[in-house]
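Shown below: structure.pdb, with PDB, C-alpha atoms and all ligand atoms.
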ATOM      1  CA  MET A1485     102.388 101.916 131.206
ATOM      2  CA  GLU A1486     103.103 105.643 131.390
ATOM      3  CA  THR A1487     100.365 108.279 131.174
ATOM      4  CA  LEU A1488     101.430 111.107 128.857
ATOM      5  CA  SER A1489      98.238 113.161 129.170
ATOM      6  CA  THR A1490      94.608 113.012 130.233
ATOM      7  CA  SER A1491      91.790 115.412 129.495
ATOM      8  CA  LYS A1492      88.047 115.428 130.107
ATOM      9  CA  ALA A1493      85.829 115.220 127.022
ATOM     10  CA  HIS A1494      82.083 114.618 126.678
ATOM     11  CA  GLY A1495      81.984 113.572 130.331
ATOM     12  CA  GLY A1496      84.647 110.909 129.782
ATOM     13  CA  THR A1497      88.440 110.880 129.694
ATOM     14  CA  LEU A1498      90.784 111.022 126.739
ATOM     15  CA  GLY A1499      94.245 109.738 127.590
ATOM     16  CA  VAL A1500      97.504 109.214 125.739
ATOM     17  CA  TYR A1501      99.747 106.439 127.024
ATOM     18  CA  ARG A1502     103.153 104.925 126.296
ATOM     19  CA  HIS A1503     104.473 101.479 127.139
ATOM     20  CA  ALA A1504     107.383  99.189 126.335
ATOM     21  CA  SER A1505     105.966  96.736 123.807
ATOM     22  CA  SER A1506     107.193  93.158 123.886
ATOM     23  CA  ALA A1507     105.741  92.575 120.397
ATOM     24  CA  THR A1508     107.705  95.354 118.685
ATOM     25  CA  ASP A1509     110.552  95.648 121.212
ATOM     26  CA  THR A1510     110.061  99.428 121.125
ATOM     27  CA  ASP A1511     108.044 101.963 123.066
ATOM     28  CA  MET A1512     104.542 102.325 121.620
ATOM     29  CA  THR A1513     102.109 105.213 122.127
ATOM     30  CA  PHE A1514      98.312 105.006 121.886
ATOM     31  CA  SER A1515      95.217 106.954 122.912
ATOM     32  CA  VAL A1516      92.159 105.702 124.781
ATOM     33  CA  PHE A1517      88.822 107.423 125.257
ATOM     34  CA  VAL A1518      86.825 106.114 128.218
ATOM     35  CA  PRO A1519      83.205 107.291 128.171
ATOM     36  CA  PRO A1520      81.296 108.496 131.248
ATOM     37  CA  GLN A1521      79.452 105.153 131.610
ATOM     38  CA  ALA A1522      82.692 103.790 133.120
ATOM     39  CA  GLU A1523      81.783 105.619 136.346
ATOM     40  CA  GLU A1524      78.940 103.134 136.837
ATOM     41  CA  GLY A1525      81.566 100.460 137.502
ATOM     42  CA  GLY A1526      80.776  97.870 134.805
ATOM     43  CA  LYS A1527      82.816  96.600 131.871
ATOM     44  CA  LEU A1528      82.305  98.334 128.540
ATOM     45  CA  PRO A1529      82.692  97.335 124.878
ATOM     46  CA  VAL A1530      85.796  98.565 123.068
ATOM     47  CA  LEU A1531      86.431  99.634 119.477
ATOM     48  CA  PHE A1532      89.988  99.486 118.120
ATOM     49  CA  TYR A1533      90.655 101.988 115.308
ATOM     50  CA  LEU A1534      93.639 101.264 113.051
ATOM     51  CA  SER A1535      95.022 104.287 111.230
ATOM     52  CA  GLY A1536      96.429 104.640 107.735
ATOM     53  CA  LEU A1537      99.748 105.454 106.109
ATOM     54  CA  THR A1538     101.728 108.316 107.701
ATOM     55  CA  CYS A1539      99.560 108.341 110.848
ATOM     56  CA  THR A1540     100.277 108.032 114.537
ATOM     57  CA  HIS A1541      97.577 107.669 117.204
ATOM     58  CA  ALA A1542      97.192 111.444 116.981
ATOM     59  CA  ASN A1543      95.525 111.767 113.568
ATOM     60  CA  VAL A1544      92.233 110.128 114.508
ATOM     61  CA  THR A1545      92.484 111.423 118.057
ATOM     62  CA  ASP A1546      92.661 115.001 116.771
ATOM     63  CA  LYS A1547      90.435 114.746 113.690
ATOM     64  CA  GLY A1548      88.267 111.622 113.985
ATOM     65  CA  GLU A1549      85.415 113.208 115.973
ATOM     66  CA  TYR A1550      84.543 109.965 117.762
ATOM     67  CA  ARG A1551      84.217 111.097 121.369
ATOM     68  CA  ARG A1552      80.608 112.349 121.354
ATOM     69  CA  ALA A1553      79.319 109.102 119.809
ATOM     70  CA  CYS A1554      81.439 106.938 122.137
ATOM     71  CA  ALA A1555      80.033 108.866 125.108
ATOM     72  CA  GLU A1556      76.498 108.405 123.788
ATOM     73  CA  HIS A1557      76.849 104.647 123.238
ATOM     74  CA  GLY A1558      79.235 103.760 126.083
ATOM     75  CA  ILE A1559      82.108 102.607 123.875
ATOM     76  CA  ILE A1560      85.813 102.721 124.791
ATOM     77  CA  PHE A1561      87.885 103.808 121.754
ATOM     78  CA  VAL A1562      91.530 102.754 121.349
ATOM     79  CA  ALA A1563      93.823 104.309 118.713
ATOM     80  CA  PRO A1564      97.302 102.754 118.352
ATOM     81  CA  ASP A1565     100.266 103.872 116.269
ATOM     82  CA  THR A1566     100.828 102.436 112.769
ATOM     83  CA  SER A1567     104.397 101.159 113.185
ATOM     84  CA  PRO A1568     107.211 100.772 115.653
ATOM     85  CA  ARG A1569     109.408 103.862 115.967
ATOM     86  CA  GLY A1570     112.627 104.908 117.620
ATOM     87  CA  GLU A1571     116.327 104.249 117.546
ATOM     88  CA  GLY A1572     117.259 101.182 115.529
ATOM     89  CA  VAL A1573     113.894 100.836 113.773
ATOM     90  CA  ALA A1574     114.417 100.411 110.035
ATOM     91  CA  ASP A1575     112.638 102.734 107.619
ATOM     92  CA  ASP A1576     112.014 102.824 103.882
ATOM     93  CA  PRO A1577     115.487 103.234 102.327
ATOM     94  CA  GLU A1578     114.282 106.332 100.471
ATOM     95  CA  GLY A1579     112.059 107.640 103.268
ATOM     96  CA  ALA A1580     108.878 107.010 101.257
ATOM     97  CA  TYR A1581     105.578 107.456 103.086
ATOM     98  CA  ASP A1582     104.156 104.045 102.113
ATOM     99  CA  PHE A1583     106.674 101.706 103.782
ATOM    100  CA  GLY A1584     108.573 101.607 107.056
ATOM    101  CA  LEU A1585     107.846 104.223 109.715
ATOM    102  CA  GLY A1586     104.133 105.033 109.804
ATOM    103  CA  ALA A1587     103.410 102.158 107.439
ATOM    104  CA  GLY A1588     103.632  98.889 109.370
ATOM    105  CA  PHE A1589     100.747  97.363 107.399
ATOM    106  CA  TYR A1590      99.627  95.306 110.426
ATOM    107  CA  VAL A1591     101.859  92.313 109.659
ATOM    108  CA  ASN A1592     104.687  90.493 111.449
ATOM    109  CA  ALA A1593     107.632  91.143 109.137
ATOM    110  CA  THR A1594     109.828  88.183 108.293
ATOM    111  CA  VAL A1595     112.367  90.014 106.134
ATOM    112  CA  SER A1596     115.507  91.615 107.624
ATOM    113  CA  PRO A1597     115.941  94.335 108.876
ATOM    114  CA  PHE A1598     112.180  94.832 109.385
ATOM    115  CA  ALA A1599     111.606  91.535 111.231
ATOM    116  CA  ALA A1600     113.377  92.937 114.299
ATOM    117  CA  HIS A1601     110.571  95.356 115.239
ATOM    118  CA  TYR A1602     107.743  95.358 112.672
ATOM    119  CA  ARG A1603     105.347  93.003 114.486
ATOM    120  CA  MET A1604     102.157  95.048 114.299
ATOM    121  CA  TRP A1605      99.978  91.932 113.802
ATOM    122  CA  ASP A1606     100.921  90.510 117.194
ATOM    123  CA  TYR A1607     100.764  93.967 118.723
ATOM    124  CA  ILE A1608      97.160  94.607 117.654
ATOM    125  CA  ALA A1609      95.870  91.031 117.952
ATOM    126  CA  GLU A1610      97.457  90.131 121.275
ATOM    127  CA  GLU A1611      99.465  92.661 123.229
ATOM    128  CA  LEU A1612      97.368  95.815 122.996
ATOM    129  CA  PRO A1613      93.998  94.159 123.834
ATOM    130  CA  ALA A1614      95.575  92.504 126.879
ATOM    131  CA  LEU A1615      97.238  95.748 127.964
ATOM    132  CA  VAL A1616      94.134  97.906 127.692
ATOM    133  CA  ALA A1617      91.995  95.226 129.367
ATOM    134  CA  ALA A1618      94.404  95.308 132.319
ATOM    135  CA  HIS A1619      94.185  99.102 132.712
ATOM    136  CA  PHE A1620      90.686 100.111 131.550
ATOM    137  CA  PRO A1621      87.161  98.761 132.248
ATOM    138  CA  ILE A1622      87.005  96.736 129.035
ATOM    139  CA  ASP A1623      84.873  93.663 128.433
ATOM    140  CA  PRO A1624      87.206  91.447 126.345
ATOM    141  CA  ALA A1625      84.189  89.540 125.004
ATOM    142  CA  ARG A1626      82.925  92.754 123.368
ATOM    143  CA  MET A1627      85.772  93.971 121.143
ATOM    144  CA  GLY A1628      85.209  95.493 117.698
ATOM    145  CA  ILE A1629      87.672  96.707 115.104
ATOM    146  CA  THR A1630      87.683  99.337 112.379
ATOM    147  CA  GLY A1631      90.242 101.364 110.485
ATOM    148  CA  HIS A1632      91.072 103.597 107.556
ATOM    149  CA  SER A1633      92.883 102.730 104.343
ATOM    150  CA  MET A1634      95.964 100.738 105.461
ATOM    151  CA  GLY A1635      94.163 100.533 108.815
ATOM    152  CA  GLY A1636      91.014  99.321 107.070
ATOM    153  CA  HIS A1637      93.145  96.556 105.613
ATOM    154  CA  GLY A1638      94.396  95.771 109.121
ATOM    155  CA  ALA A1639      90.868  95.743 110.542
ATOM    156  CA  LEU A1640      89.550  93.472 107.789
ATOM    157  CA  THR A1641      92.416  90.976 108.000
ATOM    158  CA  LEU A1642      92.387  90.839 111.805
ATOM    159  CA  GLY A1643      88.584  90.675 111.938
ATOM    160  CA  LEU A1644      88.476  87.856 109.382
ATOM    161  CA  THR A1645      91.278  85.944 111.107
ATOM    162  CA  TYR A1646      89.999  86.339 114.673
ATOM    163  CA  PRO A1647      86.184  86.482 114.518
ATOM    164  CA  ASP A1648      85.980  85.152 118.081
ATOM    165  CA  ARG A1649      88.105  88.061 119.269
ATOM    166  CA  PHE A1650      86.804  90.947 117.117
ATOM    167  CA  ARG A1651      83.022  90.627 117.267
ATOM    168  CA  SER A1652      82.219  93.570 114.988
ATOM    169  CA  LEU A1653      84.066  94.765 111.881
ATOM    170  CA  SER A1654      83.904  97.875 109.739
ATOM    171  CA  ALA A1655      86.268  99.975 107.631
ATOM    172  CA  PHE A1656      86.685 103.394 106.031
ATOM    173  CA  ALA A1657      88.143 103.335 102.501
ATOM    174  CA  PRO A1658      90.137 100.129 103.134
ATOM    175  CA  ILE A1659      92.847  98.564 101.003
ATOM    176  CA  VAL A1660      90.864  95.365 100.429
ATOM    177  CA  ALA A1661      93.317  93.348  98.324
ATOM    178  CA  PRO A1662      96.953  94.316  98.972
ATOM    179  CA  GLY A1663      98.055  91.391  96.813
ATOM    180  CA  GLN A1664      96.525  93.174  93.810
ATOM    181  CA  VAL A1665      97.562  96.840  94.307
ATOM    182  CA  PRO A1666     100.838  98.827  94.356
ATOM    183  CA  TRP A1667     100.787  99.832  98.058
ATOM    184  CA  GLY A1668     100.291  96.180  98.982
ATOM    185  CA  HIS A1669     102.910  94.830  96.587
ATOM    186  CA  LYS A1670     105.506  97.123  98.103
ATOM    187  CA  ALA A1671     104.540  96.493 101.734
ATOM    188  CA  LEU A1672     103.899  92.751 101.640
ATOM    189  CA  GLY A1673     106.941  92.185  99.417
ATOM    190  CA  GLY A1674     109.132  94.285 101.703
ATOM    191  CA  TYR A1675     107.895  92.824 104.993
ATOM    192  CA  LEU A1676     107.056  89.224 104.030
ATOM    193  CA  GLY A1677     109.231  88.568 100.981
ATOM    194  CA  GLU A1678     108.415  87.926  97.368
ATOM    195  CA  ASP A1679     106.822  84.478  97.878
ATOM    196  CA  ARG A1680     103.204  85.530  97.482
ATOM    197  CA  THR A1681     101.705  82.487  99.170
ATOM    198  CA  GLY A1682     102.416  84.117 102.534
ATOM    199  CA  TRP A1683     100.626  87.282 101.450
ATOM    200  CA  ARG A1684      97.203  85.627 101.401
ATOM    201  CA  SER A1685      96.944  85.735 105.211
ATOM    202  CA  HIS A1686      97.211  89.543 104.951
ATOM    203  CA  ASP A1687      94.746  90.153 102.129
ATOM    204  CA  ALA A1688      91.042  90.432 102.999
ATOM    205  CA  VAL A1689      89.851  89.244  99.581
ATOM    206  CA  ALA A1690      92.196  86.236  99.689
ATOM    207  CA  LEU A1691      91.166  85.439 103.270
ATOM    208  CA  ILE A1692      87.505  85.279 102.225
ATOM    209  CA  GLU A1693      88.433  83.180  99.190
ATOM    210  CA  ASP A1694      90.337  80.860 101.538
ATOM    211  CA  GLY A1695      87.296  80.329 103.771
ATOM    212  CA  HIS A1696      87.723  82.896 106.546
ATOM    213  CA  ARG A1697      84.533  84.532 107.787
ATOM    214  CA  PRO A1698      83.825  87.541 110.030
ATOM    215  CA  ALA A1699      81.854  87.260 113.265
ATOM    216  CA  GLY A1700      78.889  88.988 111.639
ATOM    217  CA  ASP A1701      78.269  91.447 108.869
ATOM    218  CA  ILE A1702      80.828  93.976 107.583
ATOM    219  CA  LEU A1703      80.267  97.704 106.994
ATOM    220  CA  VAL A1704      82.503  99.652 104.572
ATOM    221  CA  ASP A1705      82.207 103.342 103.717
ATOM    222  CA  GLN A1706      84.083 104.621 100.658
ATOM    223  CA  GLY A1707      84.136 108.097  99.121
ATOM    224  CA  ASP A1708      83.697 108.154  95.363
ATOM    225  CA  ALA A1709      85.991 111.198  95.049
ATOM    226  CA  ASP A1710      88.851 109.354  96.784
ATOM    227  CA  SER A1711      92.000 109.767  94.683
ATOM    228  CA  PHE A1712      93.233 106.294  95.764
ATOM    229  CA  LEU A1713      89.996 104.490  94.905
ATOM    230  CA  ALA A1714      90.765 102.967  91.501
ATOM    231  CA  GLU A1715      94.439 102.139  91.940
ATOM    232  CA  GLN A1716      94.914 101.210  95.614
ATOM    233  CA  LEU A1717      91.573 100.511  97.318
ATOM    234  CA  ARG A1718      89.331  98.698  94.796
ATOM    235  CA  PRO A1719      86.398  97.904  97.141
ATOM    236  CA  GLN A1720      84.565  96.146  94.324
ATOM    237  CA  LEU A1721      87.002  93.227  94.747
ATOM    238  CA  LEU A1722      85.764  92.816  98.318
ATOM    239  CA  CYS A1723      82.126  92.981  97.205
ATOM    240  CA  GLU A1724      82.711  90.284  94.603
ATOM    241  CA  ALA A1725      84.532  88.003  97.064
ATOM    242  CA  ALA A1726      81.843  88.572  99.706
ATOM    243  CA  ASP A1727      79.061  87.846  97.205
ATOM    244  CA  ARG A1728      80.710  84.611  96.100
ATOM    245  CA  ALA A1729      81.239  83.496  99.720
ATOM    246  CA  GLY A1730      77.892  84.621 101.127
ATOM    247  CA  VAL A1731      79.524  87.159 103.458
ATOM    248  CA  ASP A1732      77.085  89.907 104.496
ATOM    249  CA  LEU A1733      78.906  93.075 103.371
ATOM    250  CA  THR A1734      77.441  96.566 103.039
ATOM    251  CA  LEU A1735      79.576  98.869 100.867
ATOM    252  CA  ARG A1736      78.288 102.438 100.952
ATOM    253  CA  MET A1737      79.728 104.586  98.169
ATOM    254  CA  GLN A1738      79.580 108.123  99.544
ATOM    255  CA  PRO A1739      79.234 110.715  96.789
ATOM    256  CA  GLY A1740      81.791 113.519  96.739
ATOM    257  CA  TYR A1741      83.915 112.324  99.671
ATOM    258  CA  ASP A1742      87.704 112.005  99.411
ATOM    259  CA  HIS A1743      90.255 109.985 101.433
ATOM    260  CA  SER A1744      90.753 112.519 104.215
ATOM    261  CA  TYR A1745      89.625 112.824 107.808
ATOM    262  CA  ASN A1746      86.797 115.059 106.576
ATOM    263  CA  PHE A1747      85.349 111.854 105.097
ATOM    264  CA  ILE A1748      86.174 109.692 108.122
ATOM    265  CA  SER A1749      84.789 112.156 110.671
ATOM    266  CA  THR A1750      81.557 112.492 108.668
ATOM    267  CA  PHE A1751      80.754 108.793 109.056
ATOM    268  CA  MET A1752      82.537 108.030 112.333
ATOM    269  CA  ALA A1753      79.470 108.441 114.551
ATOM    270  CA  ASP A1754      77.518 106.096 112.313
ATOM    271  CA  HIS A1755      80.233 103.432 112.564
ATOM    272  CA  ILE A1756      80.323 103.771 116.360
ATOM    273  CA  ARG A1757      76.532 103.372 116.567
ATOM    274  CA  TRP A1758      76.782 100.357 114.215
ATOM    275  CA  HIS A1759      79.455  98.705 116.397
ATOM    276  CA  ALA A1760      77.517  99.504 119.586
ATOM    277  CA  GLU A1761      74.470  97.669 118.195
ATOM    278  CA  ARG A1762      76.625  94.570 117.632
ATOM    279  CA  LEU A1763      78.686  94.667 120.829
TER     280      LEU A1763
HETATM  281  N1  LIG B   1     101.031 111.108  99.930
HETATM  282  C1  LIG B   1     100.137 111.321 100.995
HETATM  283  C2  LIG B   1      99.532 110.010 101.412
HETATM  284  C3  LIG B   1      99.252 109.861 102.848
HETATM  285  C4  LIG B   1      97.781 109.699 103.174
HETATM  286  O1  LIG B   1      96.883 110.078 102.459
HETATM  287  N2  LIG B   1      97.570 109.085 104.314
HETATM  288  C5  LIG B   1      96.240 108.833 104.763
HETATM  289  C6  LIG B   1      96.065 107.366 104.858
HETATM  290  S1  LIG B   1      96.380 106.609 103.282
HETATM  291  C7  LIG B   1      96.280 104.942 103.530
HETATM  292  O2  LIG B   1      96.626 104.318 104.431
HETATM  293  C8  LIG B   1      96.027 109.517 106.097
HETATM  294  O3  LIG B   1      95.217 109.112 106.878
HETATM  295  N3  LIG B   1      96.799 110.595 106.335
HETATM  296  C9  LIG B   1      96.802 111.308 107.588
HETATM  297  C10 LIG B   1      95.878 112.456 107.689
HETATM  298  O4  LIG B   1      95.804 113.037 108.803
HETATM  299  O5  LIG B   1      95.172 112.797 106.727
HETATM  300  C11 LIG B   1     100.849 112.072 102.070
HETATM  301  O6  LIG B   1     102.024 111.766 102.368
HETATM  302  O7  LIG B   1     100.268 112.990 102.643
END

Could you show the structure in this file as structure tokens?
Amino acid sequence: METLSTSKAHGGTLGVYRHASSATDTDMTFSVFVPPQAEEGGKLPVLFYLSGLTCTHANVTDKGEYRRACAEHGIIFVAPDTSPRGEGVADDPEGAYDFGLGAGFYVNATVSPFAAHYRMWDYIAEELPALVAAHFPIDPARMGITGHSMGGHGALTLGLTYPDRFRSLSAFAPIVAPGQVPWGHKALGGYLGEDRTGWRSHDAVALIEDGHRPAGDILVDQGDADSFLAEQLRPQLLCEAADRAGVDLTLRMQPGYDHSYNFISTFMADHIRWHAERL
């Protein structure tokens, strides 16, 4: 693992790192904030934040405003990239923002040419937790996951699939049912193929319908002025599935907030506190 930069913040250290990923067979870059409590020598809980379409690790690192709350609650914060990148990595044939580079959708692609590198599911579920646990003072029994939009979809599907691994689960404006919305149709069709049975493992609503359960309760914040709300996000579908299944979900509709990092940064500290209480 190569250190690209480190900088002191709120008494802790923000670092950006690059490594050769075996999951994606590319270099991958991510950021980690280690709070000042690490100096005491113990292992700390970790929160993985999965970003949305068009993002790298840098969007939340620059605009997410998570460091003060992580320093207050003693949480390590890990922000990975959203897709493999580099020479030989396939992109959307028309360069669209919602597929290919910056839009890995947290799945292991099975369709050529994407199957060669687009293995973000394995990267987030397996490789990255092991890598950060080897290099930072992380307690692997206290891992939480959150994310925004496409990353909220990733957090929900990973948290529902691996409740023993991700002990706390929240999301900001997530895509809750990719099998029922245009972003999801394009991504799951392009990465997994048109046989929709395979899509259910990457659809939070379908996962709940199919019997998957999170480790505990789920927190979702959603702005009601989000331009993607009605067509792409549809959080009501998650509420209905959770109600039917007895999953403890809190959906907070936040008046006036849009889909941007102004929304995310407003509620970030609250999500970090919420995860800290559960980890
Ligand atoms: N057409 C827009 C759409 C991109 C966008 O809004 N991306 C969001 C995530 S959307 C769902 O996953 C985002 O987080 N953008 C980065 C940011 O820093 O705001 C466009 O291309 O801009």

Polymer residues at most 9 Å from Thr1497 in chain A, only C-alpha atoms, same-chain spacing of 3 or more positions, as a list in words: Thr1490, Ser1491, Lys1492, Ala1493, His1494, Val1516, Phe1517, Val1518, Pro1519 and Pro1520 of chain A

For the interface of chain A with ligand LIG 1 (chain B) (cut-off 7 Å, counting all atoms listed in the file), please tabulate each contacting residue of chain A alongside its nearest pair of atoms and their separation in Å to one decimal, rows sorted by chain and increasing number, as a Markdown table.
| residue | atom | partner | partner_atom | distance |
| --- | --- | --- | --- | --- |
| A:Ser1535 | CA | B:LIG1 | O3 | 6.5 |
| A:Gly1536 | CA | B:LIG1 | O2 | 3.3 |
| A:Leu1537 | CA | B:LIG1 | O2 | 3.7 |
| A:Thr1538 | CA | B:LIG1 | N2 | 5.4 |
| A:Cys1539 | CA | B:LIG1 | C9 | 5.2 |
| A:Asn1543 | CA | B:LIG1 | O4 | 4.9 |
| A:Tyr1581 | CA | B:LIG1 | O6 | 5.6 |
| A:His1632 | CA | B:LIG1 | O2 | 6.4 |
| A:Ser1633 | CA | B:LIG1 | O2 | 4.1 |
| A:Met1634 | CA | B:LIG1 | O2 | 3.8 |
| A:Gly1635 | CA | B:LIG1 | O2 | 6.3 |
| A:His1743 | CA | B:LIG1 | O1 | 6.7 |
| A:Ser1744 | CA | B:LIG1 | O5 | 5.1 |
| A:Tyr1745 | CA | B:LIG1 | O5 | 5.7 |

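Evaluated on this file, the PyMOL selection byres (((chain A and resi 1729) around 10) and not hetatm) matches Ile1692, Glu1693, Asp1694, Gly1695, His1696, Arg1697, Cys1723, Glu1724, Ala1725, Ala1726, Asp1727, Arg1728, Gly1730, Val1731 and Asp1732 of chain A.
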
Writing out the chosen residues with C-alpha atoms as a PDB file, in the frame of the given file:
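What follows is the written file part-v7.pdb:
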ATOM      1  CA  ILE A1692      87.505  85.279 102.225  1.00  0.00           C
ATOM      2  CA  GLU A1693      88.433  83.180  99.190  1.00  0.00           C
ATOM      3  CA  ASP A1694      90.337  80.860 101.538  1.00  0.00           C
ATOM      4  CA  GLY A1695      87.296  80.329 103.771  1.00  0.00           C
ATOM      5  CA  HIS A1696      87.723  82.896 106.546  1.00  0.00           C
ATOM      6  CA  ARG A1697      84.533  84.532 107.787  1.00  0.00           C
ATOM      7  CA  CYS A1723      82.126  92.981  97.205  1.00  0.00           C
ATOM      8  CA  GLU A1724      82.711  90.284  94.603  1.00  0.00           C
ATOM      9  CA  ALA A1725      84.532  88.003  97.064  1.00  0.00           C
ATOM     10  CA  ALA A1726      81.843  88.572  99.706  1.00  0.00           C
ATOM     11  CA  ASP A1727      79.061  87.846  97.205  1.00  0.00           C
ATOM     12  CA  ARG A1728      80.710  84.611  96.100  1.00  0.00           C
ATOM     13  CA  GLY A1730      77.892  84.621 101.127  1.00  0.00           C
ATOM     14  CA  VAL A1731      79.524  87.159 103.458  1.00  0.00           C
ATOM     15  CA  ASP A1732      77.085  89.907 104.496  1.00  0.00           C
TER      16      ASP A1732
END

Distance criterion (only C-alpha atoms): nearest to Gly1673 in chain A out of A:Val1562, A:Leu1733, A:Ala1593, A:Leu1488: A:Ala1593

What would the selection look like, as a tab-separated table (two decimals) with C-alpha atoms, in the coordinates of the input, if the PyMOL selection byres (((chain A and resi 1553) around 12) and not hetatm) were run on the coordinates I just shared?
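Below is the file that was written, expr.tsv:
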chain	number	residue	atom	x	y	z
A	1493	ALA	CA	85.83	115.22	127.02
A	1494	HIS	CA	82.08	114.62	126.68
A	1495	GLY	CA	81.98	113.57	130.33
A	1496	GLY	CA	84.65	110.91	129.78
A	1517	PHE	CA	88.82	107.42	125.26
A	1518	VAL	CA	86.82	106.11	128.22
A	1519	PRO	CA	83.20	107.29	128.17
A	1520	PRO	CA	81.30	108.50	131.25
A	1531	LEU	CA	86.43	99.63	119.48
A	1548	GLY	CA	88.27	111.62	113.98
A	1549	GLU	CA	85.42	113.21	115.97
A	1550	TYR	CA	84.54	109.96	117.76
A	1551	ARG	CA	84.22	111.10	121.37
A	1552	ARG	CA	80.61	112.35	121.35
A	1554	CYS	CA	81.44	106.94	122.14
A	1555	ALA	CA	80.03	108.87	125.11
A	1556	GLU	CA	76.50	108.40	123.79
A	1557	HIS	CA	76.85	104.65	123.24
A	1558	GLY	CA	79.24	103.76	126.08
A	1559	ILE	CA	82.11	102.61	123.88
A	1560	ILE	CA	85.81	102.72	124.79
A	1561	PHE	CA	87.88	103.81	121.75
A	1749	SER	CA	84.79	112.16	110.67
A	1750	THR	CA	81.56	112.49	108.67
A	1751	PHE	CA	80.75	108.79	109.06
A	1752	MET	CA	82.54	108.03	112.33
A	1753	ALA	CA	79.47	108.44	114.55
A	1754	ASP	CA	77.52	106.10	112.31
A	1755	HIS	CA	80.23	103.43	112.56
A	1756	ILE	CA	80.32	103.77	116.36
A	1757	ARG	CA	76.53	103.37	116.57
A	1758	TRP	CA	76.78	100.36	114.22
A	1759	HIS	CA	79.46	98.70	116.40
A	1760	ALA	CA	77.52	99.50	119.59
